Amino acid sequence: MKNEIKYISVDTGKSHTKYAWFEGSVLDVKNIKADSFKSVISEIAPDELTRRETLITYDNKTYDVGGNDGRALESSNSKLSNHHKLCTYVAIAKALLRISENNRSTHIIDLSINIPLAEFKIKKEEYIQGYKGKVVSIMINNKKIDFMIGNVRASYEAAGAAVRNIKDGINNAHIIDIGGKNDTHISFENVDDQVKPVKDKNGMFNNGVLTLLQTIASDLSTDFDVTIEDVEKIIAGNLSKPENYDRVFDQRTTSHVAMIKNQVQKYKLNPMFTKLILSGGGSLLLRNQLEIAFSEYKPIFSSDAQFDNVKGALERVIR
């Protein structure tokens, strides 16, 4: 793939930035690959010698990407900030390093982006115009990458999960996409062999897992401060548990899932006729609690929950 258009999908989440690309020159579902990095970008001095996994230079500034700095819990749900744009450019550059040996020319990008549901309804065009035609030159780990974004495809959160998880025979489905900051709820129905959102049965709320992890961290901060990153390490088994960790974790996760279910109950879905699908990275963390809370729905958990939106966006390209 030297001179062809490169199809790349990016979802700049509050916790991690996910990106997907086609491996090889054939645009086929089997060739879709994906990766992620922590959505932390910190400006540093160009001559700072600390070892870093990803170092970039863009617009005459140097940044550490996905480093050890903590993630801030933003009050805004928007992805129109410069931070999200820079995460998108880094994701494109990382994808290009994976799919192209020729990084001496300017690559032409067909970019798929993921937009929060609330803004998709009113600011979709603003997102598209913010990227379309943009020419970017970026240095990533001493490798120069130049690209131009020739086309932009916009999707709302959970759209990729619908593409990948609503299979033949499912006439009514409700998807809950649990991300870092938000939980997005959308009902879909099959009309004339086309899967379409159901009017007035969708919404975006602030029940993402970063809020949960921050609450758990605060509860555990007695003799010393516990951070979101500390809680993640405990969950992964890379840090020993404080004495009261299990009690706090069970109590907070159960309460958190109850808030998510409260949103679902407002849509008055019939468990007999609605297939409930759980997606997003948060569904992996909360799987046990979600299975219990939504037992009457016999929920389906996406097998690739973290990458549903970016992989699904590329599947839409070739359908």
# chains A, B, ... in the order shown; residues from 1 in each chain; ligands from 1

call {"tool": "residues_around", "arguments": {"residues": "region 108-115 of chain A", "least_positions_apart": "4", "cutoff": "8 Å", "atoms": "only C-alpha atoms", "output": "PDB file with N, CA and C atoms, in the first residue's frame"}}
result
ATOM      1  N   ASN A   3       0.735   4.043  -2.540  1.00  0.00           N
ATOM      2  CA  ASN A   3       0.105   5.289  -2.927  1.00  0.00           C
ATOM      3  C   ASN A   3      -1.410   5.250  -2.781  1.00  0.00           C
ATOM      4  N   GLU A   4      -1.974   4.108  -2.337  1.00  0.00           N
ATOM      5  CA  GLU A   4      -3.406   4.033  -2.208  1.00  0.00           C
ATOM      6  C   GLU A   4      -3.876   4.835  -1.002  1.00  0.00           C
ATOM      7  N   ILE A   5      -5.192   5.083  -0.983  1.00  0.00           N
ATOM      8  CA  ILE A   5      -5.809   5.709   0.175  1.00  0.00           C
ATOM      9  C   ILE A   5      -5.701   4.747   1.356  1.00  0.00           C
ATOM     10  N   LYS A   6      -5.343   5.275   2.517  1.00  0.00           N
ATOM     11  CA  LYS A   6      -5.255   4.467   3.738  1.00  0.00           C
ATOM     12  C   LYS A   6      -6.531   4.694   4.552  1.00  0.00           C
ATOM     13  N   TYR A   7      -7.241   3.626   4.835  1.00  0.00           N
ATOM     14  CA  TYR A   7      -8.478   3.704   5.613  1.00  0.00           C
ATOM     15  C   TYR A   7      -8.145   3.452   7.082  1.00  0.00           C
ATOM     16  N   ILE A   8      -8.377   4.460   7.907  1.00  0.00           N
ATOM     17  CA  ILE A   8      -8.030   4.381   9.326  1.00  0.00           C
ATOM     18  C   ILE A   8      -9.207   4.883  10.155  1.00  0.00           C
ATOM     19  N   SER A   9      -9.469   4.198  11.243  1.00  0.00           N
ATOM     20  CA  SER A   9     -10.554   4.574  12.144  1.00  0.00           C
ATOM     21  C   SER A   9      -9.975   4.911  13.517  1.00  0.00           C
ATOM     22  N   VAL A  10     -10.503   5.968  14.148  1.00  0.00           N
ATOM     23  CA  VAL A  10      -9.981   6.421  15.442  1.00  0.00           C
ATOM     24  C   VAL A  10     -11.134   6.740  16.392  1.00  0.00           C
ATOM     25  N   ASP A  11     -10.985   6.298  17.631  1.00  0.00           N
ATOM     26  CA  ASP A  11     -11.927   6.628  18.704  1.00  0.00           C
ATOM     27  C   ASP A  11     -11.117   7.135  19.887  1.00  0.00           C
ATOM     28  N   THR A  12     -11.146   8.447  20.096  1.00  0.00           N
ATOM     29  CA  THR A  12     -10.362   9.046  21.169  1.00  0.00           C
ATOM     30  C   THR A  12     -11.160   9.040  22.463  1.00  0.00           C
ATOM     31  N   LYS A  79     -15.407  15.963  22.145  1.00  0.00           N
ATOM     32  CA  LYS A  79     -14.122  15.544  21.595  1.00  0.00           C
ATOM     33  C   LYS A  79     -13.617  16.556  20.566  1.00  0.00           C
ATOM     34  N   GLU A 119     -23.357  15.069  20.698  1.00  0.00           N
ATOM     35  CA  GLU A 119     -22.794  16.011  19.727  1.00  0.00           C
ATOM     36  C   GLU A 119     -23.014  15.541  18.289  1.00  0.00           C
ATOM     37  N   PHE A 120     -23.144  14.245  18.084  1.00  0.00           N
ATOM     38  CA  PHE A 120     -23.401  13.751  16.732  1.00  0.00           C
ATOM     39  C   PHE A 120     -24.686  14.351  16.182  1.00  0.00           C
ATOM     40  N   LYS A 124     -22.136  17.210  14.132  1.00  0.00           N
ATOM     41  CA  LYS A 124     -21.481  16.257  13.245  1.00  0.00           C
ATOM     42  C   LYS A 124     -20.637  16.973  12.194  1.00  0.00           C
ATOM     43  N   TYR A 127     -17.348  18.463  13.438  1.00  0.00           N
ATOM     44  CA  TYR A 127     -16.312  17.446  13.585  1.00  0.00           C
ATOM     45  C   TYR A 127     -15.677  17.136  12.224  1.00  0.00           C
ATOM     46  N   PHE A 147       0.774  13.240   6.366  1.00  0.00           N
ATOM     47  CA  PHE A 147      -0.474  12.740   5.802  1.00  0.00           C
ATOM     48  C   PHE A 147      -1.473  13.875   5.593  1.00  0.00           C
ATOM     49  N   MET A 148      -2.410  13.613   4.700  1.00  0.00           N
ATOM     50  CA  MET A 148      -3.499  14.540   4.437  1.00  0.00           C
ATOM     51  C   MET A 148      -4.819  13.788   4.569  1.00  0.00           C
ATOM     52  N   ILE A 149      -5.736  14.343   5.329  1.00  0.00           N
ATOM     53  CA  ILE A 149      -7.024  13.694   5.546  1.00  0.00           C
ATOM     54  C   ILE A 149      -7.965  14.121   4.419  1.00  0.00           C
ATOM     55  N   GLY A 150      -8.163  13.200   3.477  1.00  0.00           N
ATOM     56  CA  GLY A 150      -8.949  13.537   2.295  1.00  0.00           C
ATOM     57  C   GLY A 150     -10.438  13.371   2.484  1.00  0.00           C
ATOM     58  N   ASN A 151     -10.833  12.434   3.340  1.00  0.00           N
ATOM     59  CA  ASN A 151     -12.256  12.182   3.561  1.00  0.00           C
ATOM     60  C   ASN A 151     -12.477  11.844   5.022  1.00  0.00           C
ATOM     61  N   VAL A 152     -13.631  12.243   5.544  1.00  0.00           N
ATOM     62  CA  VAL A 152     -13.964  11.977   6.948  1.00  0.00           C
ATOM     63  C   VAL A 152     -15.340  11.332   7.030  1.00  0.00           C
ATOM     64  N   ARG A 153     -15.393  10.199   7.724  1.00  0.00           N
ATOM     65  CA  ARG A 153     -16.657   9.509   7.970  1.00  0.00           C
ATOM     66  C   ARG A 153     -16.949   9.594   9.469  1.00  0.00           C
ATOM     67  N   ALA A 154     -18.117  10.062   9.822  1.00  0.00           N
ATOM     68  CA  ALA A 154     -18.466  10.239  11.227  1.00  0.00           C
ATOM     69  C   ALA A 154     -19.492   9.209  11.679  1.00  0.00           C
ATOM     70  N   SER A 155     -19.242   8.621  12.849  1.00  0.00           N
ATOM     71  CA  SER A 155     -20.181   7.676  13.452  1.00  0.00           C
ATOM     72  C   SER A 155     -20.446   8.094  14.890  1.00  0.00           C
ATOM     73  N   TYR A 156     -21.619   7.755  15.388  1.00  0.00           N
ATOM     74  CA  TYR A 156     -21.932   8.010  16.792  1.00  0.00           C
ATOM     75  C   TYR A 156     -21.487   6.803  17.615  1.00  0.00           C
ATOM     76  N   GLU A 157     -21.238   7.048  18.898  1.00  0.00           N
ATOM     77  CA  GLU A 157     -20.814   5.970  19.783  1.00  0.00           C
ATOM     78  C   GLU A 157     -21.875   4.875  19.812  1.00  0.00           C
ATOM     79  N   ASN A 309     -16.133   0.004  18.234  1.00  0.00           N
ATOM     80  CA  ASN A 309     -16.419   1.220  17.469  1.00  0.00           C
ATOM     81  C   ASN A 309     -15.429   1.444  16.322  1.00  0.00           C
ATOM     82  N   VAL A 310     -14.138   1.207  16.561  1.00  0.00           N
ATOM     83  CA  VAL A 310     -13.169   1.460  15.487  1.00  0.00           C
ATOM     84  C   VAL A 310     -13.196   0.359  14.435  1.00  0.00           C
ATOM     85  N   ALA A 313     -16.447   0.697  12.408  1.00  0.00           N
ATOM     86  CA  ALA A 313     -16.408   1.805  11.447  1.00  0.00           C
ATOM     87  C   ALA A 313     -15.753   1.377  10.142  1.00  0.00           C
ATOM     88  N   LEU A 314     -14.694   0.547  10.227  1.00  0.00           N
ATOM     89  CA  LEU A 314     -14.046   0.068   9.006  1.00  0.00           C
ATOM     90  C   LEU A 314     -14.895  -0.996   8.306  1.00  0.00           C
TER      91      LEU A 314
END

call {"tool": "residues_around", "arguments": {"residues": "Thr62 (chain A)", "least_positions_apart": "4", "cutoff": "9 Å", "atoms": "only C-alpha atoms", "output": "list in words"}}
result
Ser42, Glu43, Ile44, Ala45, Pro46, Leu55, Ile56, Thr57 and Tyr58 of chain A

call {"tool": "write_last_selection", "arguments": {"atoms": "C-alpha atoms", "output": "short mmCIF file (atom, residue, chain, number, x, y, z; two decimals), in the first residue's frame"}}
result
data_model
loop_
_atom_site.label_atom_id
_atom_site.label_comp_id
_atom_site.auth_asym_id
_atom_site.auth_seq_id
_atom_site.Cartn_x
_atom_site.Cartn_y
_atom_site.Cartn_z
CA SER A 42 1.91 15.68 28.14
CA GLU A 43 4.09 18.43 26.70
CA ILE A 44 7.74 18.07 27.71
CA ALA A 45 11.05 19.79 27.02
CA PRO A 46 12.61 18.52 23.75
CA LEU A 55 7.63 10.59 21.91
CA ILE A 56 6.12 12.88 19.30
CA THR A 57 6.89 16.29 17.88
CA TYR A 58 4.04 18.26 16.35
#

call {"tool": "residues_around", "arguments": {"residues": "Lys241 (chain A)", "least_positions_apart": "4", "cutoff": "12 Å", "atoms": "only C-alpha atoms", "output": "ChimeraX atom specification"}}
result
/A:217,220,226,230-237,245-249

call {"tool": "closest_atom_pairs", "arguments": {"of": "region 118-230 of chain A", "to": "region 284-287 of chain A", "cutoff": "12 Å", "atoms": "only C-alpha atoms", "output": "CSV"}}
result
residue,atom,partner,partner_atom,distance
A:Asp177,CA,A:Leu284,CA,10.9
A:Ile178,CA,A:Leu284,CA,9.1
A:Gly179,CA,A:Leu284,CA,10.3
A:Gly180,CA,A:Leu285,CA,11.0
A:Asn207,CA,A:Leu286,CA,11.7
A:Gly208,CA,A:Leu286,CA,10.6
A:Val209,CA,A:Leu285,CA,8.1
A:Leu210,CA,A:Leu285,CA,11.0
A:Leu212,CA,A:Leu286,CA,10.3
A:Leu213,CA,A:Leu285,CA,10.4

call {"tool": "write_last_selection", "arguments": {"atoms": "C-alpha atoms", "output": "compact mmCIF listing (two decimals), in the first residue's frame"}}
result
# COMPACT_ATOMS: atom_id res chain seq x y z
CA ASP A 177 -21.59 1.11 25.19
CA ILE A 178 -19.72 1.70 28.46
CA GLY A 179 -16.68 3.89 27.97
CA GLY A 180 -14.31 5.83 30.17
CA ASN A 207 -21.72 6.39 34.09
CA GLY A 208 -18.35 5.56 32.53
CA VAL A 209 -15.77 3.49 34.38
CA LEU A 210 -13.29 6.30 35.09
CA LEU A 212 -16.31 4.55 39.11
CA LEU A 213 -12.57 3.99 39.50

call {"tool": "select_by_dssp", "arguments": {"residues": "region 50-177 of chain A", "states": "helix (DSSP H, G or I)", "output": "ChimeraX atom specification"}}
result
/A:82-99,117-131,159-165

call {"tool": "write_last_selection", "arguments": {"atoms": "N, CA and C atoms", "output": "CSV table (one decimal), in the first residue's frame"}}
result
chain,number,residue,atom,x,y,z
A,82,ASN,N,-8.4,20.4,21.3
A,82,ASN,CA,-7.1,20.1,20.7
A,82,ASN,C,-6.5,18.8,21.2
A,83,HIS,N,-6.7,18.5,22.4
A,83,HIS,CA,-6.2,17.2,23.0
A,83,HIS,C,-6.7,16.0,22.2
A,84,HIS,N,-8.0,16.0,21.9
A,84,HIS,CA,-8.6,14.9,21.1
A,84,HIS,C,-8.1,14.9,19.7
A,85,LYS,N,-7.9,16.1,19.1
A,85,LYS,CA,-7.3,16.1,17.8
A,85,LYS,C,-5.9,15.6,17.7
A,86,LEU,N,-5.1,15.9,18.7
A,86,LEU,CA,-3.7,15.4,18.8
A,86,LEU,C,-3.7,13.9,19.0
A,87,CYS,N,-4.6,13.4,19.8
A,87,CYS,CA,-4.7,11.9,20.0
A,87,CYS,C,-5.0,11.3,18.6
A,88,THR,N,-5.9,11.9,17.9
A,88,THR,CA,-6.3,11.4,16.6
A,88,THR,C,-5.1,11.4,15.6
A,89,TYR,N,-4.3,12.5,15.6
A,89,TYR,CA,-3.2,12.5,14.7
A,89,TYR,C,-2.1,11.5,15.1
A,90,VAL,N,-1.9,11.3,16.4
A,90,VAL,CA,-1.0,10.3,16.9
A,90,VAL,C,-1.5,8.9,16.5
A,91,ALA,N,-2.8,8.6,16.6
A,91,ALA,CA,-3.3,7.3,16.2
A,91,ALA,C,-3.1,7.1,14.7
A,92,ILE,N,-3.3,8.1,13.9
A,92,ILE,CA,-3.1,7.9,12.4
A,92,ILE,C,-1.7,7.6,12.2
A,93,ALA,N,-0.8,8.3,12.8
A,93,ALA,CA,0.7,8.1,12.6
A,93,ALA,C,1.1,6.7,13.0
A,94,LYS,N,0.6,6.2,14.2
A,94,LYS,CA,0.9,4.9,14.7
A,94,LYS,C,0.3,3.8,13.7
A,95,ALA,N,-0.9,4.1,13.1
A,95,ALA,CA,-1.4,3.1,12.2
A,95,ALA,C,-0.6,3.1,10.9
A,96,LEU,N,-0.1,4.2,10.4
A,96,LEU,CA,0.7,4.3,9.2
A,96,LEU,C,2.0,3.6,9.4
A,97,LEU,N,2.6,3.6,10.6
A,97,LEU,CA,3.8,2.9,10.8
A,97,LEU,C,3.6,1.4,10.8
A,98,ARG,N,2.3,0.9,11.0
A,98,ARG,CA,2.0,-0.5,11.0
A,98,ARG,C,1.7,-1.0,9.6
A,99,ILE,N,1.2,-0.1,8.7
A,99,ILE,CA,0.7,-0.5,7.4
A,99,ILE,C,1.6,-0.1,6.2
A,117,LEU,N,-22.7,10.7,21.3
A,117,LEU,CA,-24.0,10.7,20.7
A,117,LEU,C,-24.7,12.1,20.8
A,118,ALA,N,-24.5,12.8,21.9
A,118,ALA,CA,-25.2,14.1,22.0
A,118,ALA,C,-24.7,15.1,21.0
A,119,GLU,N,-23.4,15.1,20.7
A,119,GLU,CA,-22.8,16.0,19.7
A,119,GLU,C,-23.0,15.5,18.3
A,120,PHE,N,-23.1,14.2,18.1
A,120,PHE,CA,-23.4,13.8,16.7
A,120,PHE,C,-24.7,14.4,16.2
A,121,LYS,N,-25.6,14.5,17.1
A,121,LYS,CA,-27.0,15.1,16.6
A,121,LYS,C,-26.9,16.5,16.2
A,122,ILE,N,-26.0,17.3,16.8
A,122,ILE,CA,-26.0,18.7,16.5
A,122,ILE,C,-24.6,19.3,16.0
A,123,LYS,N,-23.5,18.5,16.1
A,123,LYS,CA,-22.2,19.1,15.7
A,123,LYS,C,-21.5,18.1,14.8
A,124,LYS,N,-22.1,17.2,14.1
A,124,LYS,CA,-21.5,16.3,13.2
A,124,LYS,C,-20.6,17.0,12.2
A,125,GLU,N,-21.2,18.0,11.6
A,125,GLU,CA,-20.5,18.7,10.5
A,125,GLU,C,-19.3,19.4,11.0
A,126,GLU,N,-19.4,19.9,12.2
A,126,GLU,CA,-18.2,20.6,12.8
A,126,GLU,C,-17.1,19.7,13.0
A,127,TYR,N,-17.3,18.5,13.4
A,127,TYR,CA,-16.3,17.4,13.6
A,127,TYR,C,-15.7,17.1,12.2
A,128,ILE,N,-16.5,16.9,11.2
A,128,ILE,CA,-16.0,16.6,9.9
A,128,ILE,C,-15.1,17.7,9.3
A,129,GLN,N,-15.6,18.9,9.4
A,129,GLN,CA,-14.8,20.0,8.9
A,129,GLN,C,-13.5,20.3,9.7
A,130,GLY,N,-13.5,19.9,10.9
A,130,GLY,CA,-12.3,20.0,11.8
A,130,GLY,C,-11.1,19.2,11.3
A,131,TYR,N,-11.5,18.1,10.6
A,131,TYR,CA,-10.4,17.2,10.1
A,131,TYR,C,-10.2,17.2,8.6
A,159,ALA,N,-22.4,2.9,17.3
A,159,ALA,CA,-22.7,2.5,15.9
A,159,ALA,C,-21.8,1.3,15.5
A,160,GLY,N,-20.6,1.3,15.8
A,160,GLY,CA,-19.7,0.2,15.4
A,160,GLY,C,-20.1,-1.1,16.1
A,161,ALA,N,-20.5,-0.9,17.4
A,161,ALA,CA,-21.0,-2.1,18.1
A,161,ALA,C,-22.2,-2.7,17.4
A,162,ALA,N,-23.1,-1.9,16.9
A,162,ALA,CA,-24.3,-2.4,16.2
A,162,ALA,C,-23.9,-3.1,14.9
A,163,VAL,N,-22.9,-2.6,14.2
A,163,VAL,CA,-22.5,-3.2,13.0
A,163,VAL,C,-21.9,-4.6,13.3
A,164,ARG,N,-21.2,-4.8,14.3
A,164,ARG,CA,-20.5,-6.0,14.6
A,164,ARG,C,-21.3,-7.0,15.4
A,165,ASN,N,-22.3,-6.6,16.1
A,165,ASN,CA,-23.0,-7.5,17.1
A,165,ASN,C,-24.4,-7.8,16.8

call {"tool": "residues_around", "arguments": {"residues": "Lys199 (chain A)", "least_positions_apart": "6", "cutoff": "10 Å", "atoms": "only C-alpha atoms", "output": "list in words"}}
result
Ile186, Ser187 and Phe188 of chain A

call {"tool": "write_last_selection", "arguments": {"atoms": "C-alpha atoms", "output": "PDB file, in the first residue's frame"}}
result
ATOM      1  CA  ILE A 186     -29.255   3.036  21.747  1.00  0.00           C
ATOM      2  CA  SER A 187     -32.135   0.774  20.703  1.00  0.00           C
ATOM      3  CA  PHE A 188     -32.105  -0.642  17.177  1.00  0.00           C
TER       4      PHE A 188
END

call {"tool": "residues_around", "arguments": {"residues": "His174 (chain A)", "least_positions_apart": "5", "cutoff": "9 Å", "atoms": "only C-alpha atoms", "output": "list in words"}}
result
His185, Ile186, Ser187, Phe188, Glu189, Lys201, Val264, Leu269, Thr274, Lys275, Leu276, Ile277 and Leu278 of chain A

call {"tool": "write_last_selection", "arguments": {"atoms": "N, CA and C atoms", "output": "short mmCIF file (atom, residue, chain, number, x, y, z; two decimals), in the first residue's frame"}}
result
data_model
loop_
_atom_site.label_atom_id
_atom_site.label_comp_id
_atom_site.auth_asym_id
_atom_site.auth_seq_id
_atom_site.Cartn_x
_atom_site.Cartn_y
_atom_site.Cartn_z
N HIS A 185 -26.58 4.58 25.33
CA HIS A 185 -27.67 3.62 25.17
C HIS A 185 -28.40 3.90 23.85
N ILE A 186 -28.53 2.88 23.01
CA ILE A 186 -29.26 3.04 21.75
C ILE A 186 -30.03 1.75 21.44
N SER A 187 -31.33 1.90 21.16
CA SER A 187 -32.13 0.77 20.70
C SER A 187 -32.15 0.75 19.18
N PHE A 188 -32.10 -0.46 18.62
CA PHE A 188 -32.10 -0.64 17.18
C PHE A 188 -33.22 -1.61 16.80
N GLU A 189 -33.75 -1.42 15.59
CA GLU A 189 -34.73 -2.37 15.06
C GLU A 189 -34.38 -2.69 13.61
N LYS A 201 -35.36 6.34 21.84
CA LYS A 201 -34.84 5.31 22.73
C LYS A 201 -33.32 5.31 22.65
N VAL A 264 -31.77 2.12 31.42
CA VAL A 264 -32.42 1.15 30.55
C VAL A 264 -33.91 1.03 30.86
N LEU A 269 -38.09 -1.54 27.89
CA LEU A 269 -37.78 -2.60 26.94
C LEU A 269 -38.33 -3.93 27.44
N THR A 274 -36.25 -8.17 23.25
CA THR A 274 -35.11 -7.27 23.06
C THR A 274 -33.81 -7.98 23.41
N LYS A 275 -32.89 -7.99 22.47
CA LYS A 275 -31.57 -8.57 22.73
C LYS A 275 -30.65 -7.46 23.26
N LEU A 276 -30.20 -7.63 24.49
CA LEU A 276 -29.33 -6.64 25.12
C LEU A 276 -27.88 -6.96 24.82
N ILE A 277 -27.15 -5.99 24.28
CA ILE A 277 -25.75 -6.18 23.89
C ILE A 277 -24.88 -5.20 24.65
N LEU A 278 -23.85 -5.71 25.33
CA LEU A 278 -22.93 -4.88 26.10
C LEU A 278 -21.62 -4.72 25.36
#

call {"tool": "closest_residue", "arguments": {"among": "A:Ile228, A:Val136, A:Val198, A:Val29", "to": "Ala173 (chain A)", "atoms": "only C-alpha atoms"}}
result
A:Val198

call {"tool": "atom_distance", "arguments": {"atom1": "CA of Leu27 (chain A)", "atom2": "CA of Asn103 (chain A)"}}
result
20.5 Å

call {"tool": "atom_distance", "arguments": {"atom1": "CA of Gln263 (chain A)", "atom2": "CA of Phe205 (chain A)"}}
result
8.4 Å

call {"tool": "atom_distance", "arguments": {"atom1": "CA of Thr254 (chain A)", "atom2": "CA of His16 (chain A)"}}
result
23.7 Å

call {"tool": "closest_residue", "arguments": {"among": "A:Asn190, A:Asn182, A:Asn141, A:Asn288", "to": "Ala158 (chain A)", "atoms": "only C-alpha atoms"}}
result
A:Asn182

call {"tool": "select_by_dssp", "arguments": {"residues": "region 89-257 of chain A", "states": "strand (DSSP E or B)", "output": "MDAnalysis selection string"}}
result
chainID A and resid 106:115 135:140 143:156 172:178 183:191 194:205

call {"tool": "closest_residue", "arguments": {"among": "A:Glu296, A:Asp193, A:Asp304, A:Asp225", "to": "Gly282 (chain A)", "atoms": "only C-alpha atoms"}}
result
A:Asp304

call {"tool": "closest_residue", "arguments": {"among": "A:Ile292, A:Ile41, A:Ile140, A:Ile175", "to": "Asn202 (chain A)", "atoms": "only C-alpha atoms"}}
result
A:Ile175

call {"tool": "closest_residue", "arguments": {"among": "A:Asp183, A:Asp200, A:Glu243, A:Asp59", "to": "Gly280 (chain A)", "atoms": "only C-alpha atoms"}}
result
A:Asp183
